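Engineer: My file is model31.pdb. It has PDB, C-alpha atoms:
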ATOM      1  CA  MET A1447      57.539 105.697 123.484
ATOM      2  CA  ARG A1448      58.355 106.315 119.919
ATOM      3  CA  THR A1449      60.973 108.415 118.235
ATOM      4  CA  PRO A1450      62.032 108.909 114.628
ATOM      5  CA  THR A1451      64.993 106.753 113.759
ATOM      6  CA  ARG A1452      66.238 104.814 110.810
ATOM      7  CA  ALA A1453      64.502 101.456 110.682
ATOM      8  CA  ARG A1454      66.594  98.373 110.229
ATOM      9  CA  ASN A1455      65.726  94.711 109.733
ATOM     10  CA  ARG A1456      62.158  95.839 109.034
ATOM     11  CA  VAL A1457      59.604  93.037 108.870
ATOM     12  CA  PHE A1458      56.148  93.248 107.285
ATOM     13  CA  VAL A1459      53.163  90.893 107.338
ATOM     14  CA  PRO A1460      51.089  90.537 104.142
ATOM     15  CA  PHE A1461      47.698  92.233 104.442
ATOM     16  CA  ALA A1462      45.892  89.065 103.398
ATOM     17  CA  LEU A1463      46.997  87.406 106.635
ATOM     18  CA  ILE A1464      45.495  90.069 108.880
ATOM     19  CA  THR A1465      42.586  88.931 111.071
ATOM     20  CA  SER A1466      40.113  90.896 113.133
ATOM     21  CA  ALA A1467      40.732  88.698 116.166
ATOM     22  CA  ALA A1468      44.377  89.623 116.213
ATOM     23  CA  LEU A1469      43.454  93.280 115.764
ATOM     24  CA  LEU A1470      41.397  93.172 118.929
ATOM     25  CA  LEU A1471      44.232  91.521 120.775
ATOM     26  CA  THR A1472      46.703  94.233 119.965
ATOM     27  CA  ALA A1473      44.368  97.207 119.747
ATOM     28  CA  CYS A1474      46.349 100.379 120.457
ATOM     29  CA  GLY A1475      50.034 101.179 119.822
ATOM     30  CA  SER A1476      52.050 101.906 116.715
ATOM     31  CA  GLY A1477      50.407  99.195 114.638
ATOM     32  CA  SER A1478      47.757  96.556 115.087
ATOM     33  CA  ASP A1479      47.630  93.995 112.319
ATOM     34  CA  SER A1480      48.599  90.401 112.901
ATOM     35  CA  SER A1481      48.896  87.228 110.885
ATOM     36  CA  ALA A1482      46.305  84.528 111.458
ATOM     37  CA  SER A1483      49.021  82.095 112.458
ATOM     38  CA  GLY A1484      50.302  84.602 114.972
ATOM     39  CA  ALA A1485      47.029  84.722 116.919
ATOM     40  CA  THR A1486      47.833  81.425 118.626
ATOM     41  CA  GLY A1487      47.384  81.611 122.379
ATOM     42  CA  THR A1488      45.533  84.932 122.379
ATOM     43  CA  SER A1489      42.363  85.485 124.368
ATOM     44  CA  ALA A1490      41.420  89.153 124.082
ATOM     45  CA  GLN A1491      37.849  89.984 123.111
ATOM     46  CA  ALA A1492      36.215  93.196 121.962
ATOM     47  CA  ASP A1493      34.547  93.669 125.341
ATOM     48  CA  LYS A1494      37.985  93.852 126.947
ATOM     49  CA  ILE A1495      38.452  97.315 125.460
ATOM     50  CA  PRO A1496      36.858  99.747 127.931
ATOM     51  CA  THR A1497      34.111 101.977 126.583
ATOM     52  CA  THR A1498      33.221 104.082 129.638
ATOM     53  CA  ASP A1499      32.505 107.697 128.663
ATOM     54  CA  VAL A1500      34.906 109.833 130.692
ATOM     55  CA  VAL A1501      34.944 112.881 128.416
ATOM     56  CA  SER A1502      31.471 114.154 127.475
ATOM     57  CA  GLY A1503      30.792 115.700 130.890
ATOM     58  CA  ILE A1504      33.925 117.872 130.841
ATOM     59  CA  ALA A1505      33.153 121.596 130.709
ATOM     60  CA  LYS A1506      35.020 124.410 129.007
ATOM     61  CA  ASP A1507      37.415 126.344 131.239
ATOM     62  CA  GLU A1508      37.492 129.999 130.254
ATOM     63  CA  ALA A1509      40.849 130.686 131.900
ATOM     64  CA  ALA A1510      42.557 127.927 129.928
ATOM     65  CA  ALA A1511      40.738 128.861 126.705
ATOM     66  CA  ARG A1512      41.981 132.462 126.929
ATOM     67  CA  LEU A1513      45.528 131.159 126.570
ATOM     68  CA  LEU A1514      44.827 129.998 123.024
ATOM     69  CA  PRO A1515      46.177 132.203 120.220
ATOM     70  CA  ASN A1516      43.547 134.614 118.899
ATOM     71  CA  GLY A1517      41.153 133.044 116.432
ATOM     72  CA  VAL A1518      41.931 129.400 117.224
ATOM     73  CA  THR A1519      38.642 127.494 117.277
ATOM     74  CA  HIS A1520      39.623 124.197 115.671
ATOM     75  CA  LEU A1521      42.779 122.111 115.335
ATOM     76  CA  THR A1522      43.945 119.079 113.370
ATOM     77  CA  VAL A1523      45.440 116.250 115.393
ATOM     78  CA  ALA A1524      47.398 113.330 113.950
ATOM     79  CA  VAL A1525      47.163 109.915 115.561
ATOM     80  CA  SER A1526      48.708 106.550 114.834
ATOM     81  CA  VAL A1527      46.027 103.889 115.036
ATOM     82  CA  GLY A1528      46.367 100.312 116.220
ATOM     83  CA  GLY A1529      48.524  98.311 118.567
ATOM     84  CA  THR A1530      48.130  97.400 122.204
ATOM     85  CA  PRO A1531      45.791  99.267 124.578
ATOM     86  CA  PRO A1532      45.796 101.750 126.154
ATOM     87  CA  GLY A1533      46.892 103.322 122.857
ATOM     88  CA  THR A1534      44.658 104.145 119.888
ATOM     89  CA  THR A1535      42.430 101.628 118.116
ATOM     90  CA  TYR A1536      38.967 101.170 116.637
ATOM     91  CA  LEU A1537      36.068  99.667 118.497
ATOM     92  CA  ASP A1538      34.389  96.718 116.808
ATOM     93  CA  ASP A1539      32.173  99.056 114.769
ATOM     94  CA  GLY A1540      35.243  99.875 112.700
ATOM     95  CA  LYS A1541      34.492 103.586 112.986
ATOM     96  CA  THR A1542      34.948 104.742 116.575
ATOM     97  CA  LEU A1543      38.476 105.551 117.691
ATOM     98  CA  THR A1544      39.274 104.842 121.302
ATOM     99  CA  GLY A1545      42.291 104.720 123.581
ATOM    100  CA  GLN A1546      43.941 106.692 126.332
ATOM    101  CA  ASP A1547      45.520 109.203 123.946
ATOM    102  CA  VAL A1548      42.140 109.706 122.279
ATOM    103  CA  ASP A1549      40.433 110.369 125.617
ATOM    104  CA  PHE A1550      43.088 112.863 126.709
ATOM    105  CA  THR A1551      42.950 114.638 123.345
ATOM    106  CA  HIS A1552      39.184 115.042 123.438
ATOM    107  CA  ALA A1553      39.248 115.975 127.117
ATOM    108  CA  VAL A1554      41.689 118.818 126.450
ATOM    109  CA  ALA A1555      39.598 119.957 123.485
ATOM    110  CA  LYS A1556      36.547 120.105 125.757
ATOM    111  CA  VAL A1557      38.414 122.197 128.343
ATOM    112  CA  LEU A1558      39.593 124.600 125.631
ATOM    113  CA  GLY A1559      36.270 124.675 123.775
ATOM    114  CA  ILE A1560      37.778 123.802 120.388
ATOM    115  CA  ASP A1561      36.751 121.436 117.604
ATOM    116  CA  LEU A1562      39.088 118.689 116.462
ATOM    117  CA  LYS A1563      39.750 117.123 113.096
ATOM    118  CA  THR A1564      41.449 113.759 113.550
ATOM    119  CA  GLU A1565      43.719 112.384 110.849
ATOM    120  CA  GLN A1566      45.506 109.059 110.848
ATOM    121  CA  ALA A1567      49.169 108.738 109.972
ATOM    122  CA  SER A1568      51.949 106.238 110.439
ATOM    123  CA  PHE A1569      53.719 106.854 113.703
ATOM    124  CA  GLU A1570      57.062 107.749 112.184
ATOM    125  CA  ALA A1571      55.431 110.273 109.828
ATOM    126  CA  ILE A1572      53.722 112.437 112.461
ATOM    127  CA  LEU A1573      56.598 114.357 114.048
ATOM    128  CA  PRO A1574      58.219 115.398 110.741
ATOM    129  CA  ALA A1575      54.805 116.560 109.466
ATOM    130  CA  LEU A1576      54.333 118.930 112.407
ATOM    131  CA  ASP A1577      57.074 121.213 111.124
ATOM    132  CA  SER A1578      55.365 121.505 107.740
ATOM    133  CA  GLY A1579      52.097 122.528 109.354
ATOM    134  CA  LYS A1580      50.204 119.523 108.024
ATOM    135  CA  TYR A1581      48.970 118.826 111.557
ATOM    136  CA  ASP A1582      48.599 121.182 114.518
ATOM    137  CA  PHE A1583      49.690 118.531 116.994
ATOM    138  CA  GLY A1584      50.223 114.805 117.428
ATOM    139  CA  ALA A1585      48.812 112.490 120.090
ATOM    140  CA  SER A1586      50.277 108.990 119.944
ATOM    141  CA  ASN A1587      52.176 108.232 123.146
ATOM    142  CA  PHE A1588      55.134 110.392 122.196
ATOM    143  CA  GLY A1589      57.896 110.046 124.762
ATOM    144  CA  VAL A1590      59.748 113.216 125.671
ATOM    145  CA  THR A1591      63.446 112.815 124.883
ATOM    146  CA  ASP A1592      66.246 115.357 124.747
ATOM    147  CA  GLU A1593      66.817 114.522 121.090
ATOM    148  CA  ARG A1594      63.185 115.162 120.211
ATOM    149  CA  ARG A1595      63.085 118.404 122.163
ATOM    150  CA  LYS A1596      65.521 119.902 119.662
ATOM    151  CA  THR A1597      62.771 120.045 117.036
ATOM    152  CA  ILE A1598      59.502 119.376 118.881
ATOM    153  CA  ASP A1599      57.625 121.018 121.764
ATOM    154  CA  PHE A1600      55.729 118.784 124.182
ATOM    155  CA  VAL A1601      52.964 119.221 126.714
ATOM    156  CA  THR A1602      53.063 116.252 129.085
ATOM    157  CA  TYR A1603      50.001 114.345 130.268
ATOM    158  CA  ILE A1604      51.223 110.947 131.485
ATOM    159  CA  ASN A1605      54.398 109.056 132.343
ATOM    160  CA  ASP A1606      55.068 105.746 130.610
ATOM    161  CA  GLY A1607      58.311 104.327 129.276
ATOM    162  CA  GLN A1608      60.236 101.353 128.009
ATOM    163  CA  GLY A1609      59.834  97.776 129.175
ATOM    164  CA  PHE A1610      60.363  94.153 128.181
ATOM    165  CA  ALA A1611      58.221  91.042 127.788
ATOM    166  CA  THR A1612      58.923  87.496 126.665
ATOM    167  CA  ARG A1613      57.406  84.007 126.507
ATOM    168  CA  ASP A1614      56.527  82.167 129.683
ATOM    169  CA  ASP A1615      59.056  79.440 128.893
ATOM    170  CA  SER A1616      61.929  81.903 128.553
ATOM    171  CA  LYS A1617      64.713  81.915 131.131
ATOM    172  CA  LEU A1618      65.066  85.683 130.749
ATOM    173  CA  THR A1619      64.468  87.668 133.892
ATOM    174  CA  LYS A1620      64.753  91.349 134.749
ATOM    175  CA  ILE A1621      66.641  93.323 132.086
ATOM    176  CA  THR A1622      68.768  96.000 133.703
ATOM    177  CA  ASP A1623      71.551  96.179 131.115
ATOM    178  CA  LEU A1624      71.199  95.820 127.345
ATOM    179  CA  LYS A1625      74.212  93.499 127.354
ATOM    180  CA  GLN A1626      71.788  90.900 128.713
ATOM    181  CA  LEU A1627      70.261  90.899 125.226
ATOM    182  CA  CYS A1628      73.493  89.956 123.445
ATOM    183  CA  GLY A1629      72.940  87.184 120.907
ATOM    184  CA  LEU A1630      69.136  87.498 121.068
ATOM    185  CA  ASN A1631      66.491  88.597 118.582
ATOM    186  CA  VAL A1632      64.732  91.665 119.983
ATOM    187  CA  ALA A1633      61.364  92.632 118.495
ATOM    188  CA  THR A1634      60.123  96.212 118.624
ATOM    189  CA  THR A1635      58.097  98.705 116.608
ATOM    190  CA  ALA A1636      59.574 100.863 113.876
ATOM    191  CA  GLY A1637      60.318 104.530 114.449
ATOM    192  CA  THR A1638      60.245 104.313 118.233
ATOM    193  CA  THR A1639      62.428 105.196 121.189
ATOM    194  CA  PHE A1640      62.815 101.447 121.677
ATOM    195  CA  GLU A1641      64.380 101.027 118.252
ATOM    196  CA  ALA A1642      66.571 104.073 118.817
ATOM    197  CA  THR A1643      67.745 102.825 122.230
ATOM    198  CA  LEU A1644      68.570  99.393 120.858
ATOM    199  CA  GLU A1645      70.387 100.671 117.786
ATOM    200  CA  GLU A1646      72.375 103.262 119.723
ATOM    201  CA  ASN A1647      73.633 100.644 122.185
ATOM    202  CA  LYS A1648      74.385  97.774 119.821
ATOM    203  CA  ASN A1649      78.112  98.268 120.260
ATOM    204  CA  ALA A1650      77.811  97.322 123.945
ATOM    205  CA  CYS A1651      77.835  93.635 123.038
ATOM    206  CA  ALA A1652      80.889  93.902 120.785
ATOM    207  CA  ASP A1653      82.680  95.960 123.433
ATOM    208  CA  ALA A1654      82.013  93.138 125.892
ATOM    209  CA  GLY A1655      83.255  90.522 123.412
ATOM    210  CA  LYS A1656      79.772  89.136 122.852
ATOM    211  CA  LYS A1657      77.581  88.560 119.808
ATOM    212  CA  ALA A1658      75.393  91.563 119.004
ATOM    213  CA  TYR A1659      71.663  91.333 119.468
ATOM    214  CA  LYS A1660      69.494  91.628 116.362
ATOM    215  CA  VAL A1661      66.873  94.378 116.257
ATOM    216  CA  GLN A1662      63.702  93.227 114.484
ATOM    217  CA  THR A1663      61.377  96.148 113.716
ATOM    218  CA  TYR A1664      57.722  95.695 112.887
ATOM    219  CA  SER A1665      55.207  98.169 111.572
ATOM    220  CA  GLU A1666      52.343  96.346 113.307
ATOM    221  CA  GLN A1667      52.086  95.280 116.931
ATOM    222  CA  GLY A1668      50.293  92.069 115.980
ATOM    223  CA  ALA A1669      53.214  90.986 113.829
ATOM    224  CA  LEU A1670      55.559  91.745 116.699
ATOM    225  CA  TRP A1671      53.665  89.460 119.080
ATOM    226  CA  SER A1672      53.360  86.773 116.413
ATOM    227  CA  SER A1673      57.132  86.797 116.053
ATOM    228  CA  LEU A1674      57.553  86.299 119.799
ATOM    229  CA  GLN A1675      54.896  83.602 120.078
ATOM    230  CA  GLN A1676      56.333  81.661 117.139
ATOM    231  CA  GLY A1677      59.920  81.855 118.392
ATOM    232  CA  ARG A1678      61.344  84.116 115.701
ATOM    233  CA  SER A1679      61.987  86.697 118.421
ATOM    234  CA  ASP A1680      63.288  86.113 121.928
ATOM    235  CA  ILE A1681      62.027  89.256 123.625
ATOM    236  CA  VAL A1682      59.828  92.299 122.989
ATOM    237  CA  MET A1683      60.668  95.891 123.900
ATOM    238  CA  SER A1684      57.712  98.268 123.976
ATOM    239  CA  THR A1685      55.699 100.657 126.168
ATOM    240  CA  ILE A1686      55.287  99.692 129.818
ATOM    241  CA  ASN A1687      51.520 100.123 129.796
ATOM    242  CA  GLY A1688      51.103  98.447 126.414
ATOM    243  CA  LEU A1689      53.164  95.430 127.459
ATOM    244  CA  ARG A1690      51.205  94.980 130.680
ATOM    245  CA  TYR A1691      47.921  95.085 128.786
ATOM    246  CA  ALA A1692      49.161  92.660 126.133
ATOM    247  CA  VAL A1693      50.449  90.194 128.711
ATOM    248  CA  ASP A1694      47.119  90.309 130.562
ATOM    249  CA  HIS A1695      45.220  89.543 127.374
ATOM    250  CA  GLN A1696      47.149  86.696 125.802
ATOM    251  CA  GLN A1697      48.471  83.372 126.958
ATOM    252  CA  GLY A1698      52.078  82.231 127.068
ATOM    253  CA  VAL A1699      53.799  85.578 127.624
ATOM    254  CA  LYS A1700      55.082  87.440 130.675
ATOM    255  CA  PHE A1701      56.063  90.992 131.529
ATOM    256  CA  LEU A1702      59.677  91.219 132.656
ATOM    257  CA  ASN A1703      60.264  94.724 133.961
ATOM    258  CA  GLU A1704      60.302  98.452 133.411
ATOM    259  CA  PHE A1705      63.559  99.563 131.848
ATOM    260  CA  HIS A1706      63.354 103.341 131.457
ATOM    261  CA  ARG A1707      60.551 105.757 132.361
ATOM    262  CA  LEU A1708      59.671 108.669 130.057
ATOM    263  CA  ASP A1709      57.187 111.509 130.217
ATOM    264  CA  VAL A1710      54.618 111.375 127.427
ATOM    265  CA  GLY A1711      53.139 114.447 125.812
ATOM    266  CA  PHE A1712      51.190 116.045 123.009
ATOM    267  CA  ALA A1713      53.683 116.934 120.273
ATOM    268  CA  PHE A1714      53.825 120.326 118.525
ATOM    269  CA  LYS A1715      55.993 122.195 116.071
ATOM    270  CA  LYS A1716      58.919 123.843 117.847
ATOM    271  CA  GLY A1717      57.969 127.284 119.112
ATOM    272  CA  THR A1718      54.230 126.613 119.127
ATOM    273  CA  LYS A1719      51.945 129.142 120.829
ATOM    274  CA  LEU A1720      49.490 126.369 121.698
ATOM    275  CA  ALA A1721      51.551 124.842 124.492
ATOM    276  CA  PRO A1722      50.466 127.136 127.391
ATOM    277  CA  ALA A1723      46.778 126.502 126.696
ATOM    278  CA  PHE A1724      47.265 122.733 126.474
ATOM    279  CA  GLN A1725      49.305 122.724 129.669
ATOM    280  CA  ALA A1726      46.567 124.658 131.475
ATOM    281  CA  ALA A1727      43.943 122.261 130.132
ATOM    282  CA  VAL A1728      45.809 119.174 131.352
ATOM    283  CA  ASN A1729      46.319 120.754 134.764
ATOM    284  CA  LYS A1730      42.597 121.594 134.901
ATOM    285  CA  LEU A1731      41.779 117.941 134.201
ATOM    286  CA  ILE A1732      44.150 116.875 136.977
ATOM    287  CA  ALA A1733      42.638 119.341 139.445
ATOM    288  CA  ASP A1734      38.980 118.490 138.825
ATOM    289  CA  GLY A1735      39.324 114.695 138.820
ATOM    290  CA  ALA A1736      38.631 114.028 135.131
ATOM    291  CA  TYR A1737      42.279 113.069 134.675
ATOM    292  CA  ALA A1738      42.044 110.315 137.282
ATOM    293  CA  LYS A1739      38.902 108.947 135.621
ATOM    294  CA  ILE A1740      40.712 108.565 132.304
ATOM    295  CA  LEU A1741      43.604 106.725 133.941
ATOM    296  CA  LYS A1742      41.198 104.492 135.865
ATOM    297  CA  LYS A1743      39.375 103.594 132.651
ATOM    298  CA  TRP A1744      42.599 102.418 131.029
ATOM    299  CA  GLY A1745      44.166 100.879 134.142
ATOM    300  CA  THR A1746      47.148 103.241 134.083
ATOM    301  CA  ALA A1747      46.956 104.987 137.451
ATOM    302  CA  GLY A1748      50.656 104.253 137.889
ATOM    303  CA  SER A1749      51.367 106.614 134.993
ATOM    304  CA  ALA A1750      49.809 109.677 136.640
ATOM    305  CA  ILE A1751      51.785 112.926 136.739
ATOM    306  CA  PRO A1752      51.249 115.619 139.393
ATOM    307  CA  LYS A1753      51.224 118.440 136.859
ATOM    308  CA  SER A1754      51.723 119.041 133.149
ATOM    309  CA  GLN A1755      55.010 120.476 131.918
ATOM    310  CA  ILE A1756      56.140 122.024 128.660
ATOM    311  CA  SER A1757      59.097 120.159 127.141
ATOM    312  CA  PRO A1758      60.753 119.004 130.378
ATOM    313  CA  PRO A1759      64.212 117.409 130.218
ATOM    314  CA  GLU A1760      64.258 113.676 129.502
ATOM    315  CA  LEU A1761      63.926 111.543 132.580
ATOM    316  CA  LYS A1762      67.179 109.801 133.431
ATOM    317  CA  GLY A1763      67.860 106.552 135.180
TER
END
Just give me the structure as structure tokens.
Structural biologist:
Amino acid sequence: MRTPTRARNRVFVPFALITSAALLLTACGSGSDSSASGATGTSAQADKIPTTDVVSGIAKDEAAARLLPNGVTHLTVAVSVGGTPPGTTYLDDGKTLTGQDVDFTHAVAKVLGIDLKTEQASFEAILPALDSGKYDFGASNFGVTDERRKTIDFVTYINDGQGFATRDDSKLTKITDLKQLCGLNVATTAGTTFEATLEENKNACADAGKKAYKVQTYSEQGALWSSLQQGRSDIVMSTINGLRYAVDHQQGVKFLNEFHRLDVGFAFKKGTKLAPAFQAAVNKLIADGAYAKILKKWGTAGSAIPKSQISPPELKG
């Protein structure tokens, strides 16, 4: 779940250190590059990324298509590429984008009978660019928050959220209160709801008379995991589904727990006229079973929603 926020303690890995093996490990979130030294203990292979075609057989639904504004036949979608599946990444051909968000985007386009132009952008750049009209919508695991709803419209398609992971040798257990992080180095991705949550609650440690935790933000998921594996970070905060995939595909790390669930949706400029059509398309996918096939492909059945909503209130608790 990612949200625009001011990045602090930002850490970058030189491009020369990036390796394709690490890319495959972390394929699909808000970044994907990793240092060669950070690939220690990883075991993911290209064939671990599912390639089942769950989209091409989807037919146009005339009722949903009629909800599109007059004259709309093609749209430009912005995606942030790389990270941990089930997000967006390239297959090993270096050309084909894949991931849960990609499948849902193309599935909705099939239902609506529209053509898509896909453009890549850094995660934190997508939401601001929607207001300028540079993109028609964004599809990169955008969590629906009350703060975001002030400037962005959403059409929900899954439920994901915030979670934690750490090394196997860590004594950390279930994180139910951010004060449990006091004095620790917490790695997360830049421009996300995780970074925002951590920064907004930093004072909790001082209020409790404890040393503040340090927020370490990374632009690439591979660098984030390298930091954890090499001991520069004590814990990782990221998407629930992404963490579970990452833990299943590398040695020496463990998933701790879900911390906060969020609805995830396609993101649009505030006041968009596209939302009703997209909502109808998602609900059509849910009704005819194509939705369940996409979730099964990516192992995210636990993130299913019963119906799509337009900009619902942020989930609490």
Engineer: Using all atoms listed in the file, tabulate the residues of range 1566-1658 of chain A lying at most 7 Å from any atom of range 1711-1730 of chain A, each with its closest atom pair and that distance in Å to one decimal, by chain and increasing residue number, as a tab-separated table.
Structural biologist:
residue	atom	partner	partner_atom	distance
A:Leu1576	CA	A:Lys1715	CA	5.2
A:Asp1577	CA	A:Lys1715	CA	5.2
A:Asp1582	CA	A:Phe1714	CA	6.6
A:Phe1583	CA	A:Phe1714	CA	4.8
A:Gly1584	CA	A:Ala1713	CA	5.0
A:Ala1585	CA	A:Phe1712	CA	5.2
A:Asn1587	CA	A:Gly1711	CA	6.8
A:Phe1588	CA	A:Gly1711	CA	5.8
A:Gly1589	CA	A:Gly1711	CA	6.6
A:Val1590	CA	A:Gly1711	CA	6.7
A:Thr1597	CA	A:Lys1716	CA	5.5
A:Ile1598	CA	A:Lys1716	CA	4.6
A:Asp1599	CA	A:Lys1716	CA	5.0
A:Phe1600	CA	A:Ala1713	CA	4.8
A:Val1601	CA	A:Gly1711	CA	4.9
A:Thr1602	CA	A:Gly1711	CA	3.7
A:Tyr1603	CA	A:Gly1711	CA	5.5
A:Ile1604	CA	A:Gly1711	CA	6.9
Engineer: Could you check which of A:Gln1755, A:Asn1647, A:Ser1502, A:Thr1639 is closest to Thr1685 in chain A, using only C-alpha atoms?
Structural biologist: A:Thr1639
Engineer: Once the PyMOL selection byres ((chain A and resi 1550) around 9) has been applied to the shown file, what residues remain in the selection, as a PDB file with C-alpha atoms, keeping the file's coordinate frame?
Structural biologist:
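Dumped to out_31.pdb:
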ATOM      1  CA  VAL A1501      34.944 112.881 128.416  1.00  0.00           C
ATOM      2  CA  GLY A1545      42.291 104.720 123.581  1.00  0.00           C
ATOM      3  CA  GLN A1546      43.941 106.692 126.332  1.00  0.00           C
ATOM      4  CA  ASP A1547      45.520 109.203 123.946  1.00  0.00           C
ATOM      5  CA  VAL A1548      42.140 109.706 122.279  1.00  0.00           C
ATOM      6  CA  ASP A1549      40.433 110.369 125.617  1.00  0.00           C
ATOM      7  CA  THR A1551      42.950 114.638 123.345  1.00  0.00           C
ATOM      8  CA  HIS A1552      39.184 115.042 123.438  1.00  0.00           C
ATOM      9  CA  ALA A1553      39.248 115.975 127.117  1.00  0.00           C
ATOM     10  CA  VAL A1554      41.689 118.818 126.450  1.00  0.00           C
ATOM     11  CA  ALA A1555      39.598 119.957 123.485  1.00  0.00           C
ATOM     12  CA  ALA A1585      48.812 112.490 120.090  1.00  0.00           C
ATOM     13  CA  TYR A1603      50.001 114.345 130.268  1.00  0.00           C
ATOM     14  CA  VAL A1728      45.809 119.174 131.352  1.00  0.00           C
ATOM     15  CA  TYR A1737      42.279 113.069 134.675  1.00  0.00           C
ATOM     16  CA  ILE A1740      40.712 108.565 132.304  1.00  0.00           C
TER      17      ILE A1740
END
Engineer: My list of candidates is A:Ala1669, A:Ala1738, A:Leu1537, A:Ile1560. Which is closest to Ala1750 in chain A when distances are computed with all atoms listed in the file?
Structural biologist: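 Selected residue with least distance to Ala1750 in chain A: A:Ala1738.
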Engineer: Once the PyMOL selection byres ((chain A and resi 1682) around 9) has been evaluated on this model, what residues remain selected, and can you format them as a ChimeraX atom specification?
Structural biologist: /A:1609-1612,1631-1634,1670-1671,1674,1679-1681,1683-1684,1689
Engineer: What is the distance between CA of Leu1644 in chain A and CA of Gln1696 in chain A, in Å to one decimal?
Structural biologist: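 Value for the CA of Leu1644 in chain A-CA of Gln1696 in chain A distance: 25.4 Å.
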Engineer: For a test of reading the model, state the distance in Å between CA of Glu1704 in chain A and CA of Ala1736 in chain A, rounded to one decimal.
Structural biologist: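 Distance between the two atoms: 26.7 Å.
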Engineer: Using only C-alpha atoms, which residue out of A:Gly1745, A:Glu1641, A:Ala1509, A:Ala1658 lies closest to Gly1533 in chain A?
Structural biologist: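 Between A:Gly1745, A:Glu1641, A:Ala1509, A:Ala1658, the residue approaching Gly1533 in chain A most closely is A:Gly1745.
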Engineer: Pick out the closest residue to Asp1606 in chain A from this set: A:Leu1627, A:Val1710, A:Val1500, A:Val1518. Count all atoms listed in the file.
Structural biologist: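 Once distances to Asp1606 in chain A are computed over all atoms listed in the file, the minimum belongs to A:Val1710.
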Engineer: Starting from the PyMOL selection byres ((chain A and resi 1519) around 8), expand the selection into actual residues of this file and give them as a ChimeraX atom specification.
Structural biologist: /A:1517-1518,1520-1521,1559-1561
Engineer: Could you tell me how far CA of Arg1595 in chain A sits from CA of Ala1642 in chain A, in Å to one decimal place?
Structural biologist: 15.1 Å
Engineer: With all atoms listed in the file as the atoms that count, which of A:Gly1637, A:Pro1515, A:Pro1531, A:Pro1752 lies nearest to Asp1694 in chain A?
Structural biologist: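 Among the listed residues, the smallest separation from Asp1694 in chain A belongs to A:Pro1531.
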Engineer: Taking all atoms of range 1675-1690 of chain A that the file lists, what box with edges along x, y and z, padded by 8 Å per side, do you get, with centre and edge lengths in Å to one decimal, as JSON?
Structural biologist:
{"center_x": 57.2, "center_y": 91.2, "center_z": 123.2, "size_x": 28.2, "size_y": 35.0, "size_z": 31.0}
Engineer: Let me make sure I understand: among A:Leu1761, A:Ile1756, A:Leu1708, A:Leu1702, which one has the smallest atom-to-atom distance to Ile1621 in chain A if we use all atoms listed in the file?
Structural biologist: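 Answer, going by the shortest atom-to-atom distance: A:Leu1702.
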